[in-house]
Each structure stands twice: as structure tokens, then as C-alpha cells.
>>> print(open('run_0.cif').read())   # mmCIF, C-alpha atoms and all ligand atoms
data_protein
loop_
_atom_site.label_atom_id
_atom_site.label_comp_id
_atom_site.auth_asym_id
_atom_site.auth_seq_id
_atom_site.Cartn_x
_atom_site.Cartn_y
_atom_site.Cartn_z
CA MET A 26 258.00 -91.82 208.59
CA GLU A 27 256.17 -95.13 208.25
CA PHE A 28 252.43 -95.86 208.57
CA LYS A 29 251.15 -99.33 209.50
CA ILE A 30 247.53 -100.42 209.78
CA GLY A 31 246.77 -102.68 212.71
CA GLU A 32 244.71 -103.37 215.78
CA ILE A 33 245.55 -101.94 219.16
CA GLU A 34 245.17 -105.38 220.78
CA ASN A 35 247.83 -106.80 218.46
CA LEU A 36 250.16 -104.05 217.22
CA PRO A 37 252.14 -104.81 214.07
CA VAL A 38 255.24 -103.47 215.78
CA GLU A 39 258.41 -105.05 217.18
CA SER A 40 258.82 -105.36 220.94
CA ASP A 41 260.89 -102.71 222.77
CA SER A 42 261.01 -100.43 219.72
CA ILE A 43 258.86 -97.35 220.42
CA ASP A 44 259.86 -94.16 222.27
CA LEU A 45 256.39 -92.61 222.55
CA ILE A 46 252.92 -94.10 222.09
CA ILE A 47 250.04 -91.66 221.60
CA SER A 48 246.36 -92.43 221.30
CA ASN A 49 243.26 -90.23 221.13
CA CYS A 50 239.81 -91.65 221.85
CA VAL A 51 240.39 -95.20 220.60
CA ILE A 52 241.01 -97.47 223.61
CA ASN A 53 237.45 -96.92 224.88
CA LEU A 54 236.29 -98.77 221.76
CA SER A 55 238.22 -101.94 222.62
CA SER A 56 236.56 -104.68 224.68
CA GLN A 57 240.06 -105.90 225.70
CA LYS A 58 241.58 -102.89 227.43
CA GLU A 59 243.98 -104.96 229.58
CA GLN A 60 245.37 -106.51 226.38
CA VAL A 61 245.69 -103.07 224.74
CA PHE A 62 247.90 -101.80 227.58
CA ARG A 63 249.93 -105.05 227.69
CA GLU A 64 250.55 -104.58 223.98
CA ALA A 65 251.57 -100.93 224.45
CA PHE A 66 253.96 -102.06 227.20
CA ARG A 67 255.42 -104.77 224.94
CA VAL A 68 256.25 -102.40 222.08
CA ALA A 69 257.55 -99.51 224.22
CA LYS A 70 261.28 -99.20 224.82
CA THR A 71 262.57 -99.04 228.38
CA ASN A 72 261.95 -95.43 229.48
CA GLY A 73 259.44 -95.16 226.61
CA ARG A 74 256.22 -93.31 227.36
CA ILE A 75 252.52 -93.44 226.58
CA MET A 76 250.30 -90.35 226.32
CA ILE A 77 246.63 -91.08 225.94
CA SER A 78 243.40 -89.12 225.75
CA ASP A 79 240.26 -91.12 226.26
CA ILE A 80 236.74 -91.23 227.63
CA ILE A 81 236.19 -92.88 231.00
CA LEU A 82 233.26 -93.26 233.38
CA LEU A 83 232.92 -91.71 236.82
CA LYS A 84 229.64 -93.62 237.39
CA ASP A 85 228.08 -96.51 235.49
CA LEU A 86 225.91 -95.62 232.50
CA PRO A 87 222.30 -96.82 232.20
CA ASP A 88 221.85 -100.07 230.23
CA TYR A 89 220.04 -98.29 227.38
CA VAL A 90 223.26 -96.35 226.66
CA LYS A 91 225.63 -99.26 227.36
CA ASN A 92 223.70 -101.55 225.03
CA SER A 93 223.05 -99.09 222.21
CA VAL A 94 224.93 -98.95 218.92
CA GLU A 95 224.75 -95.14 219.13
CA GLY A 96 226.34 -95.32 222.57
CA HIS A 97 229.22 -97.28 221.10
CA ILE A 98 229.64 -94.96 218.11
CA ALA A 99 229.60 -91.96 220.44
CA CYS A 100 232.53 -93.57 222.35
CA LEU A 101 230.38 -93.91 225.50
CA ALA A 102 229.15 -97.53 225.65
CA GLY A 103 232.64 -99.07 225.61
CA ALA A 104 234.05 -96.71 228.22
CA VAL A 105 234.96 -98.24 231.59
CA ARG A 106 235.22 -96.86 235.12
CA LYS A 107 238.24 -94.61 235.65
CA GLU A 108 239.69 -96.93 238.34
CA ASP A 109 239.49 -99.94 236.00
CA TYR A 110 241.17 -97.97 233.21
CA MET A 111 243.99 -96.85 235.50
CA ASN A 112 244.39 -100.39 236.90
CA ALA A 113 244.74 -101.78 233.38
CA ILE A 114 247.62 -99.34 232.73
CA ARG A 115 249.25 -100.28 236.07
CA ASN A 116 248.71 -104.04 235.59
CA ALA A 117 250.48 -103.86 232.23
CA GLY A 118 253.62 -102.71 234.08
CA PHE A 119 253.64 -98.96 233.45
CA THR A 120 254.87 -96.63 236.21
CA GLU A 121 254.74 -92.86 236.86
CA ILE A 122 251.10 -92.95 235.80
CA THR A 123 249.75 -89.40 235.84
CA ILE A 124 246.41 -87.92 234.92
CA ASP A 125 247.55 -84.72 233.23
CA LYS A 126 244.04 -83.43 232.58
CA GLN A 127 240.44 -84.38 233.28
CA ALA A 128 237.51 -82.59 231.69
CA PRO A 129 233.76 -83.11 232.14
CA PHE A 130 231.60 -84.31 229.25
CA PRO A 131 229.79 -81.19 228.00
CA ILE A 132 226.06 -81.54 228.44
CA GLU A 133 225.57 -79.51 225.23
CA LEU A 134 227.04 -82.47 223.34
CA MET A 135 224.23 -84.71 224.60
CA LEU A 136 221.76 -82.19 223.19
CA HIS A 137 223.42 -81.21 219.92
CA ASP A 138 225.58 -84.13 218.77
CA PRO A 139 223.35 -86.07 216.29
CA ILE A 140 224.31 -89.48 217.74
CA ALA A 141 223.96 -88.52 221.40
CA GLU A 142 220.78 -86.61 220.56
CA LYS A 143 219.29 -89.84 219.10
CA ILE A 144 219.82 -91.59 222.46
CA VAL A 145 218.08 -88.69 224.21
CA ARG A 146 215.16 -88.68 221.79
CA GLU A 147 214.60 -92.46 221.55
CA ASN A 148 214.62 -92.87 225.33
CA ASN A 149 212.56 -89.74 226.05
CA LEU A 150 215.19 -88.64 228.54
CA THR A 151 214.36 -85.93 231.06
CA ASP A 152 216.77 -83.05 231.76
CA LYS A 153 217.72 -84.82 235.00
CA GLU A 154 218.55 -88.07 233.19
CA ILE A 155 220.58 -86.21 230.55
CA LYS A 156 222.55 -84.43 233.27
CA SER A 157 223.12 -87.71 235.10
CA ILE A 158 224.56 -89.31 231.94
CA ALA A 159 226.77 -86.28 231.23
CA ASP A 160 227.97 -86.32 234.85
CA SER A 161 228.97 -89.98 234.47
CA ILE A 162 231.43 -89.29 231.65
CA ALA A 163 234.79 -87.54 231.60
CA SER A 164 237.68 -87.18 229.23
CA ILE A 165 241.17 -87.78 230.62
CA SER A 166 244.73 -87.36 229.41
CA VAL A 167 247.07 -89.89 230.99
CA SER A 168 250.81 -90.36 230.69
CA ALA A 169 252.99 -93.18 231.97
CA LYS A 170 256.43 -94.71 231.59
CA LYS A 171 257.76 -98.19 230.88
CA PRO A 172 260.43 -98.61 233.58
C1 LIG A 201 237.03 -91.80 217.69
S1 LIG A 201 238.07 -92.36 216.41
C2 LIG A 201 239.67 -91.77 216.87
C3 LIG A 201 239.97 -90.47 216.33
C4 LIG A 201 241.44 -90.14 216.05
N1 LIG A 201 242.37 -90.81 216.94
C5 LIG A 201 241.60 -88.66 216.15
O1 LIG A 201 242.30 -88.15 217.01
O2 LIG A 201 240.97 -87.97 215.33
C6 LIG A 201 238.29 -94.06 216.75
C7 LIG A 201 239.13 -94.79 215.72
O3 LIG A 201 239.59 -96.01 216.31
C8 LIG A 201 239.54 -97.04 215.36
N2 LIG A 201 239.49 -98.31 216.11
C9 LIG A 201 238.44 -98.81 216.80
N3 LIG A 201 238.76 -99.98 217.40
C10 LIG A 201 240.07 -100.22 217.09
C11 LIG A 201 240.97 -101.29 217.41
N4 LIG A 201 240.59 -102.31 218.16
N5 LIG A 201 242.23 -101.21 216.91
C12 LIG A 201 242.61 -100.15 216.13
N6 LIG A 201 241.81 -99.12 215.82
C13 LIG A 201 240.54 -99.16 216.27
C14 LIG A 201 238.31 -96.72 214.56
O4 LIG A 201 238.36 -97.32 213.30
C15 LIG A 201 238.38 -95.20 214.46
O5 LIG A 201 239.15 -94.81 213.38
#
>>> encode(input="run_0.cif", output="C-alpha cells", more="lines below")
Ligand SMILES: C[S@@+](CC[C@H](N)C(=O)[O-])C[C@H]1O[C@@H](n2cnc3c(N)ncnc32)[C@H](O)[C@@H]1O
Amino acid sequence: MEFKIGEIENLPVESDSIDLIISNCVINLSSQKEQVFREAFRVAKTNGRIMISDIILLKDLPDYVKNSVEGHIACLAGAVRKEDYMNAIRNAGFTEITIDKQAPFPIELMLHDPIAEKIVRENNLTDKEIKSIADSIASISVSAKKP
């Protein structure tokens, strides 16, 4: 086994060399998601696969979350709409794109996670606003193939 440190927009990996690419809650942090999926496509072998878990948006987030450092750290502010995320995978050239699982963002996390809780406290959010933010966020597991 070999470990390499690198950036997902510019993988330190040879083209057409990888059987399976996995990623958990990282791509939401990149501001260049199209480039990330092009890079994954480049390094995957023909018939190679990607399996990703990530956070996506079902509705846009309010600006005070999108623009907050805490929002970014909590993996929320960099998340994009589900359709844009799926399009980026498709545009890179992947096929057989399947959402294997989709789970709602637990509202308890907004109330008990110290970072999310700071957003709630600093913006004096009402229960309705907290629920609206939680309803905007989902976690998905996606798989796809390089044809
Ligand atoms: C939420 S953590 C991921 C957790 C980890 N995958 C796991 O399953 O426990 C996000 C990680 O992505 C890294 N990261 C953020 N932007 C990145 C980028 N552009 N390229 C590579 N890694 C990045 C961060 O340094 C951090 O370690």
C-alpha cells in the first residue's frame, strides 16, 4: 500500500491507473467541483469506479451560512445543489451514475454540534429557521463508472 498527499483538484496519480476512487465528505470543500470530477475521471482506469459520500443541498442556504467560516468548517457552506453535483459527475464523462443512498441532515446536529450551534446562536435563529436549514441539506452516496 502507498499513501500520497495531494489535492483533489490535481491528484498526484498517473492517468488511467486507479480501479476504485473513494471519498468521504471532502468534495464539498472544493470550490472547483467540476475539476475534481475531471481529475477523478482522468486517473480512473476504463471500467474503474468512483464511490463518494458527500453533503449536497436540496435548497439554497441563507447567505449568513454560505458566507460563514463555521459554515465552511461544518461542510455546509461549500456544498452545492444536488443537480449541479450530479451534472459535474456526468460532465466529467462518468456513466452509470447512481445515488445509492440519501439521508437527511439531522436537525439535532444543528443544535448540538459546537460549530453548527455557533451559527444558530450568533444569528439568533428561530426553530423554523433551524428546520429550514436542516431541510436544505442532505448526505448522499453516489457511485459511477468510467466507460
Ligand atoms: C471532513 S474531512 C474528511 C474526513 C475523512 N474523509 C473521513 O472519512 O474521516 C475533510 C478533509 O478534506 C481535506 N481537504 C479539504 N480540501 C481538500 C482539497 N482541495 N484536496 C484534498 N483534501 C482536501 C481536509 O484537509 C480534511 O482533511
>>> closest_residue(input="run_0.cif", among="A:Leu36, A:Ala104, A:Cys50, A:Val90", to="Val68 (chain A)", atoms="all atoms listed in the file")
A:Leu36
>>> residues_near_ligand(input="run_0.cif", ligand="ligand LIG 201 (chain A)", cutoff="7 Å", atoms="all atoms listed in the file", output="JSON, numbers by chain")
{"A": [31, 32, 33, 34, 48, 49, 50, 51, 54, 55, 100]}
>>> atom_distance(input="run_0.cif", atom1="CA of Asp152 (chain A)", atom2="CA of Leu136 (chain A)")
10.0 Å
>>> atom_distance(input="run_0.cif", atom1="CA of Val145 (chain A)", atom2="CA of Lys126 (chain A)")
27.8 Å
>>> atom_distance(input="run_0.cif", atom1="CA of Ile46 (chain A)", atom2="CA of Ile122 (chain A)")
13.9 Å
>>> residues_around(input="run_0.cif", residues="Thr123 (chain A)", least_positions_apart="4", cutoff="8 Å", atoms="all atoms listed in the file", output="list in words")
Val167, Ser168 and Ala169 of chain A
>>> write_last_selection(input="run_0.cif", atoms="C-alpha atoms", output="PDB file, keeping the file's coordinate frame")
ATOM      1  CA  VAL A 167     247.070 -89.890 230.990  1.00  0.00           C
ATOM      2  CA  SER A 168     250.810 -90.360 230.690  1.00  0.00           C
ATOM      3  CA  ALA A 169     252.990 -93.180 231.970  1.00  0.00           C
TER       4      ALA A 169
END
>>> closest_residue(input="run_0.cif", among="A:Leu150, A:Ala65, A:Ile144, A:Ile165", to="Ser40 (chain A)", atoms="all atoms listed in the file")
A:Ala65
>>> closest_residue(input="run_0.cif", among="A:Ser166, A:Ser78, A:Asn116, A:Asn72", to="Lys58 (chain A)", atoms="all atoms listed in the file")
A:Asn116
>>> axis_aligned_box(input="run_0.cif", around="region 159-163 of chain A", padding_each_side="3 Å", output="lines of an AutoDock Vina configuration file")
center_x = 230.8
center_y = -88.1
center_z = 233.0
size_x = 14.0
size_y = 9.7
size_z = 9.6
>>> residues_around(input="run_0.cif", residues="Pro129 (chain A)", least_positions_apart="2", cutoff="12 Å", atoms="only C-alpha atoms", output="VMD selection string")
chain A and resid 79 to 83 126 to 127 131 to 134 156 to 165
>>> write_last_selection(input="run_0.cif", atoms="C-alpha atoms", output="JSON list (two decimals), in the coordinates of the input")
[["chain", "number", "residue", "atom", "x", "y", "z"],
["A", 79, "ASP", "CA", 240.26, -91.12, 226.26],
["A", 80, "ILE", "CA", 236.74, -91.23, 227.63],
["A", 81, "ILE", "CA", 236.19, -92.88, 231.00],
["A", 82, "LEU", "CA", 233.26, -93.26, 233.38],
["A", 83, "LEU", "CA", 232.92, -91.71, 236.82],
["A", 126, "LYS", "CA", 244.04, -83.43, 232.58],
["A", 127, "GLN", "CA", 240.44, -84.38, 233.28],
["A", 131, "PRO", "CA", 229.79, -81.19, 228.00],
["A", 132, "ILE", "CA", 226.06, -81.54, 228.44],
["A", 133, "GLU", "CA", 225.57, -79.51, 225.23],
["A", 134, "LEU", "CA", 227.04, -82.47, 223.34],
["A", 156, "LYS", "CA", 222.55, -84.43, 233.27],
["A", 157, "SER", "CA", 223.12, -87.71, 235.10],
["A", 158, "ILE", "CA", 224.56, -89.31, 231.94],
["A", 159, "ALA", "CA", 226.77, -86.28, 231.23],
["A", 160, "ASP", "CA", 227.97, -86.32, 234.85],
["A", 161, "SER", "CA", 228.97, -89.98, 234.47],
["A", 162, "ILE", "CA", 231.43, -89.29, 231.65],
["A", 163, "ALA", "CA", 234.79, -87.54, 231.60],
["A", 164, "SER", "CA", 237.68, -87.18, 229.23],
["A", 165, "ILE", "CA", 241.17, -87.78, 230.62]]
>>> closest_residue(input="run_0.cif", among="A:Pro87, A:Gly73, A:Gly118, A:Gly96", to="Ser42 (chain A)", atoms="only C-alpha atoms")
A:Gly73
>>> closest_residue(input="run_0.cif", among="A:Thr71, A:Asn112, A:Thr120, A:Asn53", to="Ala99 (chain A)", atoms="all atoms listed in the file")
A:Asn53
>>> decode(input="run_0.cif", residues="region 119-150 of chain A", atoms="N, CA and C atoms", output="PDB file, in the first residue's frame")
ATOM      1  N   PHE A 119     -18.349  10.373 -16.553  1.00  0.00           N
ATOM      2  CA  PHE A 119     -18.775   9.152 -15.860  1.00  0.00           C
ATOM      3  C   PHE A 119     -20.155   8.716 -16.345  1.00  0.00           C
ATOM      4  N   THR A 120     -20.394   7.407 -16.316  1.00  0.00           N
ATOM      5  CA  THR A 120     -21.704   6.845 -16.665  1.00  0.00           C
ATOM      6  C   THR A 120     -22.186   5.974 -15.503  1.00  0.00           C
ATOM      7  N   GLU A 121     -23.390   5.404 -15.685  1.00  0.00           N
ATOM      8  CA  GLU A 121     -23.992   4.537 -14.645  1.00  0.00           C
ATOM      9  C   GLU A 121     -23.973   5.237 -13.283  1.00  0.00           C
ATOM     10  N   ILE A 122     -24.328   6.517 -13.307  1.00  0.00           N
ATOM     11  CA  ILE A 122     -24.283   7.312 -12.069  1.00  0.00           C
ATOM     12  C   ILE A 122     -25.519   6.968 -11.232  1.00  0.00           C
ATOM     13  N   THR A 123     -25.273   6.510 -10.014  1.00  0.00           N
ATOM     14  CA  THR A 123     -26.380   6.048  -9.165  1.00  0.00           C
ATOM     15  C   THR A 123     -26.260   6.670  -7.783  1.00  0.00           C
ATOM     16  N   ILE A 124     -27.382   7.165  -7.288  1.00  0.00           N
ATOM     17  CA  ILE A 124     -27.399   7.587  -5.882  1.00  0.00           C
ATOM     18  C   ILE A 124     -27.790   6.357  -5.064  1.00  0.00           C
ATOM     19  N   ASP A 125     -26.825   5.809  -4.347  1.00  0.00           N
ATOM     20  CA  ASP A 125     -27.069   4.563  -3.608  1.00  0.00           C
ATOM     21  C   ASP A 125     -27.818   4.840  -2.308  1.00  0.00           C
ATOM     22  N   LYS A 126     -27.628   6.053  -1.784  1.00  0.00           N
ATOM     23  CA  LYS A 126     -28.278   6.370  -0.500  1.00  0.00           C
ATOM     24  C   LYS A 126     -28.402   7.883  -0.365  1.00  0.00           C
ATOM     25  N   GLN A 127     -29.498   8.326   0.217  1.00  0.00           N
ATOM     26  CA  GLN A 127     -29.631   9.760   0.533  1.00  0.00           C
ATOM     27  C   GLN A 127     -30.236   9.871   1.925  1.00  0.00           C
ATOM     28  N   ALA A 128     -29.597  10.639   2.775  1.00  0.00           N
ATOM     29  CA  ALA A 128     -30.090  10.754   4.153  1.00  0.00           C
ATOM     30  C   ALA A 128     -30.244  12.223   4.511  1.00  0.00           C
ATOM     31  N   PRO A 129     -31.300  12.563   5.269  1.00  0.00           N
ATOM     32  CA  PRO A 129     -31.470  13.965   5.673  1.00  0.00           C
ATOM     33  C   PRO A 129     -30.415  14.388   6.686  1.00  0.00           C
ATOM     34  N   PHE A 130     -30.181  15.693   6.763  1.00  0.00           N
ATOM     35  CA  PHE A 130     -29.262  16.249   7.761  1.00  0.00           C
ATOM     36  C   PHE A 130     -29.999  16.267   9.094  1.00  0.00           C
ATOM     37  N   PRO A 131     -29.470  15.596  10.118  1.00  0.00           N
ATOM     38  CA  PRO A 131     -30.236  15.546  11.377  1.00  0.00           C
ATOM     39  C   PRO A 131     -30.302  16.909  12.058  1.00  0.00           C
ATOM     40  N   ILE A 132     -31.501  17.328  12.363  1.00  0.00           N
ATOM     41  CA  ILE A 132     -31.685  18.637  12.995  1.00  0.00           C
ATOM     42  C   ILE A 132     -30.953  18.704  14.341  1.00  0.00           C
ATOM     43  N   GLU A 133     -30.803  17.557  15.008  1.00  0.00           N
ATOM     44  CA  GLU A 133     -30.104  17.533  16.311  1.00  0.00           C
ATOM     45  C   GLU A 133     -28.672  18.040  16.158  1.00  0.00           C
ATOM     46  N   LEU A 134     -28.093  17.808  14.957  1.00  0.00           N
ATOM     47  CA  LEU A 134     -26.719  18.243  14.732  1.00  0.00           C
ATOM     48  C   LEU A 134     -26.623  19.764  14.753  1.00  0.00           C
ATOM     49  N   MET A 135     -27.654  20.416  14.204  1.00  0.00           N
ATOM     50  CA  MET A 135     -27.674  21.890  14.221  1.00  0.00           C
ATOM     51  C   MET A 135     -27.703  22.392  15.664  1.00  0.00           C
ATOM     52  N   LEU A 136     -28.286  21.608  16.557  1.00  0.00           N
ATOM     53  CA  LEU A 136     -28.470  22.067  17.930  1.00  0.00           C
ATOM     54  C   LEU A 136     -27.319  21.655  18.842  1.00  0.00           C
ATOM     55  N   HIS A 137     -26.659  20.533  18.496  1.00  0.00           N
ATOM     56  CA  HIS A 137     -25.660  20.014  19.442  1.00  0.00           C
ATOM     57  C   HIS A 137     -24.227  20.046  18.928  1.00  0.00           C
ATOM     58  N   ASP A 138     -24.026  20.093  17.596  1.00  0.00           N
ATOM     59  CA  ASP A 138     -22.663  20.201  17.086  1.00  0.00           C
ATOM     60  C   ASP A 138     -22.142  21.597  17.433  1.00  0.00           C
ATOM     61  N   PRO A 139     -20.945  21.711  18.055  1.00  0.00           N
ATOM     62  CA  PRO A 139     -20.483  23.031  18.528  1.00  0.00           C
ATOM     63  C   PRO A 139     -20.364  24.052  17.395  1.00  0.00           C
ATOM     64  N   ILE A 140     -19.989  23.614  16.192  1.00  0.00           N
ATOM     65  CA  ILE A 140     -19.811  24.579  15.088  1.00  0.00           C
ATOM     66  C   ILE A 140     -21.172  25.034  14.567  1.00  0.00           C
ATOM     67  N   ALA A 141     -22.054  24.062  14.317  1.00  0.00           N
ATOM     68  CA  ALA A 141     -23.392  24.406  13.825  1.00  0.00           C
ATOM     69  C   ALA A 141     -24.143  25.222  14.883  1.00  0.00           C
ATOM     70  N   GLU A 142     -23.935  24.852  16.142  1.00  0.00           N
ATOM     71  CA  GLU A 142     -24.618  25.551  17.240  1.00  0.00           C
ATOM     72  C   GLU A 142     -24.205  27.025  17.297  1.00  0.00           C
ATOM     73  N   LYS A 143     -22.929  27.304  16.910  1.00  0.00           N
ATOM     74  CA  LYS A 143     -22.442  28.699  16.905  1.00  0.00           C
ATOM     75  C   LYS A 143     -23.203  29.513  15.847  1.00  0.00           C
ATOM     76  N   ILE A 144     -23.479  28.889  14.706  1.00  0.00           N
ATOM     77  CA  ILE A 144     -24.250  29.589  13.654  1.00  0.00           C
ATOM     78  C   ILE A 144     -25.643  29.910  14.194  1.00  0.00           C
ATOM     79  N   VAL A 145     -26.242  28.943  14.872  1.00  0.00           N
ATOM     80  CA  VAL A 145     -27.592  29.127  15.422  1.00  0.00           C
ATOM     81  C   VAL A 145     -27.603  30.268  16.436  1.00  0.00           C
ATOM     82  N   ARG A 146     -26.598  30.237  17.329  1.00  0.00           N
ATOM     83  CA  ARG A 146     -26.559  31.226  18.414  1.00  0.00           C
ATOM     84  C   ARG A 146     -26.277  32.626  17.875  1.00  0.00           C
ATOM     85  N   GLU A 147     -25.249  32.737  17.005  1.00  0.00           N
ATOM     86  CA  GLU A 147     -24.841  34.076  16.539  1.00  0.00           C
ATOM     87  C   GLU A 147     -25.890  34.735  15.652  1.00  0.00           C
ATOM     88  N   ASN A 148     -26.743  33.936  15.029  1.00  0.00           N
ATOM     89  CA  ASN A 148     -27.771  34.519  14.159  1.00  0.00           C
ATOM     90  C   ASN A 148     -29.158  34.502  14.800  1.00  0.00           C
ATOM     91  N   ASN A 149     -29.194  34.136  16.100  1.00  0.00           N
ATOM     92  CA  ASN A 149     -30.472  34.096  16.831  1.00  0.00           C
ATOM     93  C   ASN A 149     -31.559  33.369  16.041  1.00  0.00           C
ATOM     94  N   LEU A 150     -31.223  32.194  15.537  1.00  0.00           N
ATOM     95  CA  LEU A 150     -32.159  31.509  14.640  1.00  0.00           C
ATOM     96  C   LEU A 150     -33.367  30.962  15.396  1.00  0.00           C
TER      97      LEU A 150
END
